[in-house]
Amino acid sequence: MKFAPLPAACQSLLLRLRHHPVAMHHFLAALGRHAANYGPPLSAVPARVVCTIAAHLSASGPATLIFAPAKSTSFIHNSNFLDVLYIVAFALFIYGLMGLTGPRTAVRGNRIAAVGMLIAVVATLLHQGEGNWALIVVGIVIGTLIGVPAARQVKMTAMPQMVALFNGVGGGAVFLIAWAEFRNSHGFAGEPLYVAVFSLFAAIVGSVSFWGSNIAFGKLQELLPGRPITLGKPQQLVNGLLLAGAIVLAVLVANGSHSELEFIGMLVCAAVLGNFVVLPIGGADMPVVISLLNAFTGLSAAATGVALNNPALIVAGMIVGASGSILTNLMAVAMNRSIPAIIAGGFGGGGQVAGATGAGEQAGSVHAVTAADVAIQLAYARLVVVVPGYGMAVAQAQHTVRELAKALEARGVEVEYAIHPVAGRMPGHMNVLLAEADVPYDQLKEMDDINPEFSRTDVALVIGANDVTNPAAKTNPASPIYGMPILEVENAHSVVVIKRSMNPGFAGIENELYFKPNTSMLFGDAKSAVAEITAALSDV
Ligand code: NAP
């Protein structure tokens with residue numbers, strides 16, 4: 001039998017533990033139990049060996065420590081092979097993410113990243129002694145039975161709350177893993193300090209993310225009121241105290257207090273904090289909040305990866321954390337809101353908004369038209385720019401819109417689509433819907449590209465879009481959306497707005513556009529109104 005020295009990290013740990021019989025007992029038990037590359041302190045032990053410890057902990061130290069290769073293991077359990085699998089998985093994550101940057105490659109990118117995740121999961125399960133297989137299989141079956149039908153059946157308009165739910169599950173998994181680690185190690189006894197610190201960080205952030213995401217889901221699903229729910233002025237103080245409480249308890253645990261009550265107290269503080277942070281934020285800001293919580297979940301997963309010495313969790317967590325942060329920032333910029341202002345809450349959700357112009361205050365009247373009137377305008381246009389918004393998504397009118405565009409193109413009319421970065425309820429919402437209806441990608445124009453085009457546009461056809469076309473964002477400093485970049489449809493020769501009523505959009509404010517002399521309103525559901533226009537077009 002070939003003997004080899006115990007890896008240096010294990011040797012030094014054993015030496016440090018030799019005056020702590022209880023911790024030593026746990027360490028040796030863990031080493032024998034897992035016998036695999038499963039988190040510190042086992043991280044330094046190659047996965048292919050089962051350690052038998054011949055540890056004579058005399059003052060002479062590491063020279064007496066040996067381990068022996070146990071029964072031979074196949075290459076699929078070899079730690080080098082598993083590392084290669086992880087590297088392949090990371091490469092696929094990153095390559096898949098690159099695909100998500102354009103509608104043409106997005107679906108393929110998503111599939112590539114999913115294959116990467118499958119490889120990472122398989123590699124993790126191949127670690128020897130990974131755990132209870134029955135529980136793992138039950139978990140996978142339950143997750144698949146819930147996740148797959150839910151993801152297949154969800155409507156595009158309900159996608160933000162779906163993302164909130166899935167994100168929450170990630171945060172929940174992270175804090176449960178930290179809790180399990182706490183229990184397994186009897187309060188991080190014998191673990192290096194960094195394991196405790198990263199696990200506790202992950203537990204707090206994961207818990208905030210889990211509970212916050214649930215509230216975001218409840219608001220978007222209208223299970224909870226969309227309006228801000230707040231304790232008033234003391235809210236920030238209470239939140240500060242909850243955060244301080246969680247940190248103090250975490251410090252106590254990290255300092256060697258093995259009390260599970262303190263650990264649970266820390267989780268409870270973080271849970272209440274997660275609720276109290278999101279409840280005061282209005283429904284209109286929920287997509288940004290979800291993106292922010294997504295970044296939190298990523299960071300907490302990465303911290304768990306450090307504690308467990310799992311490279312897959314570190315890389316995947318950091319990718320989610322970084323992309324979530326970038327997305328949050330992009331959305332905040334597109335709405336001209338700062339992230340702290342969003343977190344402070346109080347905006348949108350259907351309630352009264354400070355600075356909003358009420359319907360009654362608006363001078364002038366609107367000009368209602370019929371589908372036949374609109375068909376005539378469109379038939380004689382050279383350039384028509386379709387401006388889709390949330391209403392098109394709700395009505396599922398994308399295919400009908402595509403039919404209208406085809407009919408216009410058959411008459412020699414040029415058709416383009418103006419895409420605002422926050423049209424709809426999530427980033428890329430309009431791109432996804434129009435791609436689903438086979439709208440050619442080169443007809444989709446970003447806001448900065450299309451705005452200069454409006455002055456040569458004959459008809460801007462606004463379909464279920466409201467806030468993203470509101471000129472008050474440029475002209476009314478009292479408006480809550482003042483400063484938000486908008487699609488400058490009012491510069492078109494003629495504007496036709498399709499919506500069901502004079503009700504406001506998500507920001508809860510009146511739209512000056514509807515009262516402009518070059519604007520006509522076609523009242524009705526987007527899908528049927530567009531279908532009527534297409535039908536009327538054949539009579540022109
Ligand atoms: P919007 O301002 O919410 O307006 C949508 C309009 O669609 C409403 O005025 C509604 O009027 C109309 N509508 C609803 N159902 C309809 C139907 N079946 N047929 C026809 N019209 C219908 O939408 P938006 O212009 O797309 O702006 C998006 C808003 O969401 C912005 O305030 C943005 O800041 C916010 N937001 C978006 C994101 C994102 O990532 N996309 C993130 C955070 C916040 P009627 O009820 O009269 O029909």
# chains A, B, ... in the order shown; residues from 1 in each chain; ligands from 1
$ residues_around --residues "Thr157 (chain A)" --least-positions-apart "2" --cutoff "10 Å" --atoms "only C-alpha atoms" --output "MDAnalysis selection string"
chainID A and resid 154:155 159:162 390:396 424:426 429 433
$ write_last_selection --atoms "N, CA, C and O atoms" --output "compact mmCIF listing (two decimals), in the first residue's frame"
# COMPACT_ATOMS: atom_id res chain seq x y z
N VAL A 154 -46.37 29.91 -17.72
CA VAL A 154 -46.45 31.32 -17.31
C VAL A 154 -46.65 32.22 -18.53
O VAL A 154 -46.07 32.00 -19.59
N LYS A 155 -47.52 33.24 -18.36
CA LYS A 155 -47.72 34.19 -19.46
C LYS A 155 -46.57 35.18 -19.44
O LYS A 155 -46.00 35.46 -18.38
N MET A 159 -44.15 37.17 -16.23
CA MET A 159 -42.76 36.72 -16.12
C MET A 159 -42.00 37.41 -14.96
O MET A 159 -41.24 36.75 -14.26
N PRO A 160 -42.21 38.73 -14.73
CA PRO A 160 -41.46 39.34 -13.61
C PRO A 160 -41.72 38.64 -12.28
O PRO A 160 -40.79 38.39 -11.51
N GLN A 161 -43.01 38.31 -12.00
CA GLN A 161 -43.26 37.65 -10.70
C GLN A 161 -42.71 36.23 -10.68
O GLN A 161 -42.32 35.73 -9.63
N MET A 162 -42.64 35.61 -11.86
CA MET A 162 -42.04 34.26 -11.93
C MET A 162 -40.55 34.36 -11.57
O MET A 162 -40.02 33.54 -10.82
N TYR A 390 -46.79 47.93 -22.57
CA TYR A 390 -47.34 46.90 -21.70
C TYR A 390 -48.71 46.40 -22.18
O TYR A 390 -49.01 45.20 -22.11
N GLY A 391 -49.55 47.33 -22.70
CA GLY A 391 -50.89 46.95 -23.16
C GLY A 391 -50.84 45.93 -24.29
O GLY A 391 -51.71 45.05 -24.37
N MET A 392 -49.82 46.03 -25.17
CA MET A 392 -49.71 45.04 -26.24
C MET A 392 -49.42 43.66 -25.65
O MET A 392 -49.94 42.64 -26.11
N ALA A 393 -48.60 43.66 -24.58
CA ALA A 393 -48.27 42.39 -23.93
C ALA A 393 -49.51 41.80 -23.27
O ALA A 393 -49.79 40.59 -23.40
N VAL A 394 -50.28 42.65 -22.56
CA VAL A 394 -51.47 42.16 -21.86
C VAL A 394 -52.45 41.57 -22.87
O VAL A 394 -53.05 40.51 -22.65
N ALA A 395 -52.62 42.27 -24.01
CA ALA A 395 -53.60 41.83 -25.01
C ALA A 395 -53.06 40.68 -25.86
O ALA A 395 -53.81 40.11 -26.65
N GLN A 396 -51.78 40.36 -25.70
CA GLN A 396 -51.14 39.33 -26.56
C GLN A 396 -51.36 39.68 -28.04
O GLN A 396 -51.73 38.82 -28.85
N GLY A 424 -43.17 47.87 -21.08
CA GLY A 424 -43.60 46.60 -20.50
C GLY A 424 -43.21 46.51 -19.04
O GLY A 424 -43.10 47.52 -18.36
N ARG A 425 -43.00 45.31 -18.58
CA ARG A 425 -42.73 45.15 -17.14
C ARG A 425 -41.39 44.49 -16.84
O ARG A 425 -41.12 44.13 -15.71
N MET A 426 -40.59 44.27 -17.85
CA MET A 426 -39.25 43.73 -17.58
C MET A 426 -38.35 44.10 -18.76
O MET A 426 -38.84 44.35 -19.86
N HIS A 429 -38.80 43.02 -22.62
CA HIS A 429 -40.17 42.48 -22.72
C HIS A 429 -40.69 42.57 -24.16
O HIS A 429 -41.19 41.59 -24.72
N LEU A 433 -41.51 39.57 -27.11
CA LEU A 433 -42.85 39.38 -27.70
C LEU A 433 -42.79 39.50 -29.22
O LEU A 433 -43.38 38.69 -29.94
$ closest_atom_pairs --of "chain A" --to "ligand 1" --cutoff "7 Å" --atoms "only C-alpha atoms and all ligand atoms" --output "CSV"
residue,atom,partner,partner_atom_place_in_ligand_line,distance
A:Ala284,CA,ligand 1,44 (C),5.1
A:Asp285,CA,ligand 1,43 (C),5.1
A:Met286,CA,ligand 1,43 (C),6.3
A:Pro287,CA,ligand 1,42 (C),4.7
A:Val288,CA,ligand 1,43 (C),5.5
A:Met331,CA,ligand 1,40 (O),6.3
A:Met335,CA,ligand 1,34 (O),5.5
A:Pro388,CA,ligand 1,26 (O),7.0
A:Gly389,CA,ligand 1,26 (O),3.4
A:Tyr390,CA,ligand 1,26 (O),4.0
A:Gly391,CA,ligand 1,7 (O),3.4
A:Met392,CA,ligand 1,19 (N),6.0
A:Val394,CA,ligand 1,18 (N),5.2
A:Ala395,CA,ligand 1,18 (N),4.1
A:Pro421,CA,ligand 1,41 (N),6.5
A:Val422,CA,ligand 1,41 (N),3.3
A:Ala423,CA,ligand 1,26 (O),3.5
A:Gly424,CA,ligand 1,26 (O),3.8
A:Arg425,CA,ligand 1,41 (N),3.7
A:Met426,CA,ligand 1,40 (O),3.1
A:Pro427,CA,ligand 1,40 (O),3.9
A:His429,CA,ligand 1,41 (N),6.3
A:Ile463,CA,ligand 1,21 (N),6.6
A:Gly464,CA,ligand 1,7 (O),3.7
A:Ala465,CA,ligand 1,25 (O),3.5
A:Asn466,CA,ligand 1,25 (O),3.7
A:Asp467,CA,ligand 1,2 (O),3.7
A:Val468,CA,ligand 1,25 (O),4.3
A:Thr469,CA,ligand 1,25 (O),6.5
A:Ile498,CA,ligand 1,20 (C),6.0
A:Lys499,CA,ligand 1,21 (N),3.7
A:Arg500,CA,ligand 1,48 (O),3.6
A:Ser501,CA,ligand 1,47 (O),3.5
A:Met502,CA,ligand 1,47 (O),5.0
A:Asn503,CA,ligand 1,47 (O),4.4
A:Pro504,CA,ligand 1,9 (O),4.8
A:Gly505,CA,ligand 1,2 (O),3.4
A:Phe506,CA,ligand 1,3 (O),3.8
A:Ala507,CA,ligand 1,32 (O),4.7
A:Gly524,CA,ligand 1,20 (C),6.1
A:Asp525,CA,ligand 1,19 (N),3.7
A:Ala526,CA,ligand 1,19 (N),3.8
A:Lys527,CA,ligand 1,19 (N),6.7
$ residues_around --residues "Cys269 (chain A)" --least-positions-apart "2" --cutoff "6 Å" --atoms "only C-alpha atoms" --output "ChimeraX atom specification"
/A:242,246,266-267,271-272
$ write_last_selection --atoms "all heavy atoms" --output "compact mmCIF listing (two decimals), in the first residue's frame"
# COMPACT_ATOMS: atom_id res chain seq x y z
N LEU A 242 -32.91 46.28 12.69
CA LEU A 242 -32.97 44.86 12.30
C LEU A 242 -31.63 44.42 11.70
O LEU A 242 -31.12 43.33 12.01
CB LEU A 242 -34.09 44.64 11.27
CG LEU A 242 -35.50 44.67 11.86
CD1 LEU A 242 -36.54 44.80 10.75
CD2 LEU A 242 -35.76 43.40 12.68
N ALA A 246 -29.11 41.59 13.23
CA ALA A 246 -28.61 40.42 12.48
C ALA A 246 -27.08 40.38 12.54
O ALA A 246 -26.48 39.31 12.74
CB ALA A 246 -29.10 40.49 11.04
N MET A 266 -30.75 35.49 14.21
CA MET A 266 -30.15 36.24 13.10
C MET A 266 -30.99 36.08 11.83
O MET A 266 -31.28 37.04 11.12
CB MET A 266 -28.72 35.71 12.87
CG MET A 266 -27.99 36.33 11.74
SD MET A 266 -26.55 35.33 11.31
CE MET A 266 -27.31 33.97 10.43
N LEU A 267 -31.42 34.83 11.56
CA LEU A 267 -32.25 34.58 10.38
C LEU A 267 -33.58 35.33 10.47
O LEU A 267 -34.07 35.87 9.47
CB LEU A 267 -32.54 33.08 10.23
CG LEU A 267 -31.38 32.19 9.76
CD1 LEU A 267 -31.85 30.74 9.65
CD2 LEU A 267 -30.83 32.66 8.42
N ALA A 271 -35.05 38.04 8.00
CA ALA A 271 -36.35 37.78 7.34
C ALA A 271 -37.26 39.00 7.46
O ALA A 271 -37.86 39.45 6.48
CB ALA A 271 -37.01 36.55 7.98
N VAL A 272 -37.36 39.54 8.69
CA VAL A 272 -38.23 40.72 8.89
C VAL A 272 -37.68 41.89 8.06
O VAL A 272 -38.43 42.65 7.44
CB VAL A 272 -38.32 41.09 10.39
CG1 VAL A 272 -39.23 42.28 10.59
CG2 VAL A 272 -38.84 39.89 11.19
$ atom_distance --atom1 "CA of Arg108 (chain A)" --atom2 "CA of Leu165 (chain A)"
23.8 Å
$ atom_distance --atom1 "CA of Ser207 (chain A)" --atom2 "CA of Gln236 (chain A)"
18.7 Å
$ closest_residue --among "A:Pro280, A:Ile450, A:Ile533, A:Gly483" --to "Ser338 (chain A)" --atoms "only C-alpha atoms"
A:Gly483
$ residues_around --residues "Pro471 (chain A)" --least-positions-apart "6" --cutoff "9 Å" --atoms "only C-alpha atoms" --output "ChimeraX atom specification"
/A:482,486-490,511-513
$ write_last_selection --atoms "N, CA, C and O atoms" --output "short mmCIF file (atom, residue, chain, number, x, y, z; two decimals), in the first residue's frame"
data_model
loop_
_atom_site.label_atom_id
_atom_site.label_comp_id
_atom_site.auth_asym_id
_atom_site.auth_seq_id
_atom_site.Cartn_x
_atom_site.Cartn_y
_atom_site.Cartn_z
N TYR A 482 -40.13 62.92 -14.50
CA TYR A 482 -39.31 63.97 -15.13
C TYR A 482 -37.86 63.49 -15.23
O TYR A 482 -37.28 63.03 -14.25
N ILE A 486 -37.60 59.27 -22.99
CA ILE A 486 -38.85 58.73 -23.58
C ILE A 486 -38.72 58.60 -25.09
O ILE A 486 -37.79 59.14 -25.70
N LEU A 487 -39.67 57.88 -25.67
CA LEU A 487 -39.78 57.82 -27.13
C LEU A 487 -40.51 59.08 -27.56
O LEU A 487 -41.65 59.33 -27.13
N GLU A 488 -39.87 59.89 -28.42
CA GLU A 488 -40.42 61.22 -28.73
C GLU A 488 -41.44 61.13 -29.86
O GLU A 488 -41.27 61.74 -30.92
N VAL A 489 -42.51 60.37 -29.62
CA VAL A 489 -43.51 60.13 -30.67
C VAL A 489 -44.23 61.40 -31.08
O VAL A 489 -44.72 61.51 -32.20
N GLU A 490 -44.28 62.38 -30.17
CA GLU A 490 -45.03 63.60 -30.49
C GLU A 490 -44.42 64.34 -31.68
O GLU A 490 -45.06 65.20 -32.28
N ASN A 511 -51.08 61.39 -19.31
CA ASN A 511 -50.14 61.52 -20.43
C ASN A 511 -50.52 62.71 -21.29
O ASN A 511 -51.59 62.73 -21.93
N GLU A 512 -49.65 63.73 -21.32
CA GLU A 512 -49.90 64.95 -22.11
C GLU A 512 -50.07 64.64 -23.59
O GLU A 512 -50.72 65.38 -24.32
N LEU A 513 -49.46 63.57 -24.02
CA LEU A 513 -49.46 63.23 -25.45
C LEU A 513 -50.88 63.15 -26.01
O LEU A 513 -51.14 63.56 -27.15
#
$ closest_residue --among "A:Thr475, A:Gln398, A:Thr328, A:Thr370" --to "Leu522 (chain A)" --atoms "only C-alpha atoms"
A:Thr370
$ residues_around --residues "Met447 (chain A)" --least-positions-apart "4" --cutoff "7 Å" --atoms "only C-alpha atoms" --output "list of chain:residue names"
A:Ala418, A:Ile419, A:His420, A:Asn451, A:Leu487
$ write_last_selection --atoms "N, CA, C and O atoms" --output "mmCIF file, in the first residue's frame"
data_model
loop_
_atom_site.group_PDB
_atom_site.id
_atom_site.type_symbol
_atom_site.label_atom_id
_atom_site.label_comp_id
_atom_site.auth_asym_id
_atom_site.auth_seq_id
_atom_site.Cartn_x
_atom_site.Cartn_y
_atom_site.Cartn_z
ATOM 1 N N ALA A 418 -40.355 50.875 -32.406
ATOM 2 C CA ALA A 418 -39.547 51.663 -31.461
ATOM 3 C C ALA A 418 -39.554 50.959 -30.105
ATOM 4 O O ALA A 418 -40.619 50.758 -29.508
ATOM 5 N N ILE A 419 -38.380 50.593 -29.637
ATOM 6 C CA ILE A 419 -38.303 49.823 -28.384
ATOM 7 C C ILE A 419 -37.714 50.685 -27.272
ATOM 8 O O ILE A 419 -36.540 51.076 -27.313
ATOM 9 N N HIS A 420 -38.546 50.964 -26.271
ATOM 10 C CA HIS A 420 -38.045 51.680 -25.080
ATOM 11 C C HIS A 420 -37.477 50.642 -24.102
ATOM 12 O O HIS A 420 -38.081 49.574 -23.929
ATOM 13 N N ASN A 451 -35.493 57.824 -32.071
ATOM 14 C CA ASN A 451 -35.971 59.181 -31.752
ATOM 15 C C ASN A 451 -35.707 60.194 -32.869
ATOM 16 O O ASN A 451 -36.608 60.958 -33.214
ATOM 17 N N LEU A 487 -39.665 57.878 -25.669
ATOM 18 C CA LEU A 487 -39.780 57.818 -27.132
ATOM 19 C C LEU A 487 -40.512 59.085 -27.565
ATOM 20 O O LEU A 487 -41.649 59.330 -27.127
#
$ closest_residue --among "A:Ala312, A:Ala203, A:Ala536, A:Ala196" --to "Ile87 (chain A)" --atoms "only C-alpha atoms"
A:Ala312
$ closest_residue --among "A:Leu537, A:Val253, A:Ala302, A:Leu241" --to "Gln377 (chain A)" --atoms "only C-alpha atoms"
A:Leu537
$ select_by_dssp --residues "region 373-411 of chain A" --states "alpha helix (DSSP H)" --output "JSON, numbers by chain"
{"A": [373, 374, 375, 376, 377, 378, 379, 390, 391, 392, 393, 394, 395, 398, 399, 400, 401, 402, 403, 404, 405, 406, 407, 408, 409, 410]}
$ write_last_selection --atoms "C-alpha atoms" --output "PDB file, in the first residue's frame"
ATOM      1  CA  ASP A 373     -59.885  56.268 -40.017  1.00  0.00           C
ATOM      2  CA  VAL A 374     -56.593  54.783 -38.815  1.00  0.00           C
ATOM      3  CA  ALA A 375     -56.470  52.348 -41.769  1.00  0.00           C
ATOM      4  CA  ILE A 376     -56.684  55.296 -44.210  1.00  0.00           C
ATOM      5  CA  GLN A 377     -53.854  57.150 -42.431  1.00  0.00           C
ATOM      6  CA  LEU A 378     -51.648  54.083 -42.453  1.00  0.00           C
ATOM      7  CA  ALA A 379     -52.396  53.116 -46.048  1.00  0.00           C
ATOM      8  CA  TYR A 390     -47.342  46.895 -21.700  1.00  0.00           C
ATOM      9  CA  GLY A 391     -50.886  46.947 -23.157  1.00  0.00           C
ATOM     10  CA  MET A 392     -49.706  45.043 -26.242  1.00  0.00           C
ATOM     11  CA  ALA A 393     -48.271  42.391 -23.932  1.00  0.00           C
ATOM     12  CA  VAL A 394     -51.467  42.158 -21.864  1.00  0.00           C
ATOM     13  CA  ALA A 395     -53.602  41.827 -25.010  1.00  0.00           C
ATOM     14  CA  GLN A 398     -47.968  40.841 -31.095  1.00  0.00           C
ATOM     15  CA  HIS A 399     -49.081  38.403 -33.808  1.00  0.00           C
ATOM     16  CA  THR A 400     -51.948  40.677 -34.874  1.00  0.00           C
ATOM     17  CA  VAL A 401     -49.508  43.599 -35.007  1.00  0.00           C
ATOM     18  CA  ARG A 402     -47.219  41.557 -37.235  1.00  0.00           C
ATOM     19  CA  GLU A 403     -50.150  40.808 -39.570  1.00  0.00           C
ATOM     20  CA  LEU A 404     -50.928  44.523 -39.832  1.00  0.00           C
ATOM     21  CA  ALA A 405     -47.273  45.289 -40.558  1.00  0.00           C
ATOM     22  CA  LYS A 406     -47.210  42.661 -43.317  1.00  0.00           C
ATOM     23  CA  ALA A 407     -50.348  44.154 -44.887  1.00  0.00           C
ATOM     24  CA  LEU A 408     -48.751  47.613 -44.806  1.00  0.00           C
ATOM     25  CA  GLU A 409     -45.453  46.361 -46.223  1.00  0.00           C
ATOM     26  CA  ALA A 410     -47.361  44.691 -49.046  1.00  0.00           C
TER      27      ALA A 410
END
$ select_by_dssp --residues "region 328-522 of chain A" --states "strand (DSSP E or B)" --output "PyMOL selection string"
chain A and resi 368+383-388+414-419+444-446+459-463+494-499+519-522
$ decode --residues "region 179-208 of chain A" --atoms "C-alpha atoms" --output "PDB file, in the first residue's frame"
ATOM      1  CA  TRP A 179     -28.038  26.697   8.513  1.00  0.00           C
ATOM      2  CA  ALA A 180     -27.220  23.065   7.641  1.00  0.00           C
ATOM      3  CA  GLU A 181     -23.504  23.901   7.741  1.00  0.00           C
ATOM      4  CA  PHE A 182     -23.971  25.496  11.156  1.00  0.00           C
ATOM      5  CA  ARG A 183     -25.652  22.350  12.457  1.00  0.00           C
ATOM      6  CA  ASN A 184     -23.240  19.899  10.798  1.00  0.00           C
ATOM      7  CA  SER A 185     -20.220  21.657  12.224  1.00  0.00           C
ATOM      8  CA  HIS A 186     -21.837  22.194  15.644  1.00  0.00           C
ATOM      9  CA  GLY A 187     -21.714  25.964  15.340  1.00  0.00           C
ATOM     10  CA  PHE A 188     -18.687  26.117  12.981  1.00  0.00           C
ATOM     11  CA  ALA A 189     -16.549  24.382  15.659  1.00  0.00           C
ATOM     12  CA  GLY A 190     -13.103  23.696  14.292  1.00  0.00           C
ATOM     13  CA  GLU A 191     -13.850  25.499  11.026  1.00  0.00           C
ATOM     14  CA  PRO A 192     -11.559  28.288   9.886  1.00  0.00           C
ATOM     15  CA  LEU A 193     -13.006  31.749  10.631  1.00  0.00           C
ATOM     16  CA  TYR A 194     -13.600  32.512   6.969  1.00  0.00           C
ATOM     17  CA  VAL A 195     -16.035  29.586   6.688  1.00  0.00           C
ATOM     18  CA  ALA A 196     -18.151  31.017   9.505  1.00  0.00           C
ATOM     19  CA  VAL A 197     -17.946  34.578   8.136  1.00  0.00           C
ATOM     20  CA  PHE A 198     -18.943  33.656   4.575  1.00  0.00           C
ATOM     21  CA  SER A 199     -21.683  31.283   5.763  1.00  0.00           C
ATOM     22  CA  LEU A 200     -23.181  33.934   8.045  1.00  0.00           C
ATOM     23  CA  PHE A 201     -23.023  36.581   5.312  1.00  0.00           C
ATOM     24  CA  ALA A 202     -24.757  34.151   2.951  1.00  0.00           C
ATOM     25  CA  ALA A 203     -27.406  33.346   5.569  1.00  0.00           C
ATOM     26  CA  ILE A 204     -28.296  37.019   6.162  1.00  0.00           C
ATOM     27  CA  VAL A 205     -28.295  38.111   2.505  1.00  0.00           C
ATOM     28  CA  GLY A 206     -30.023  34.918   1.332  1.00  0.00           C
ATOM     29  CA  SER A 207     -32.755  35.361   3.928  1.00  0.00           C
ATOM     30  CA  VAL A 208     -33.318  39.041   2.989  1.00  0.00           C
TER      31      VAL A 208
END
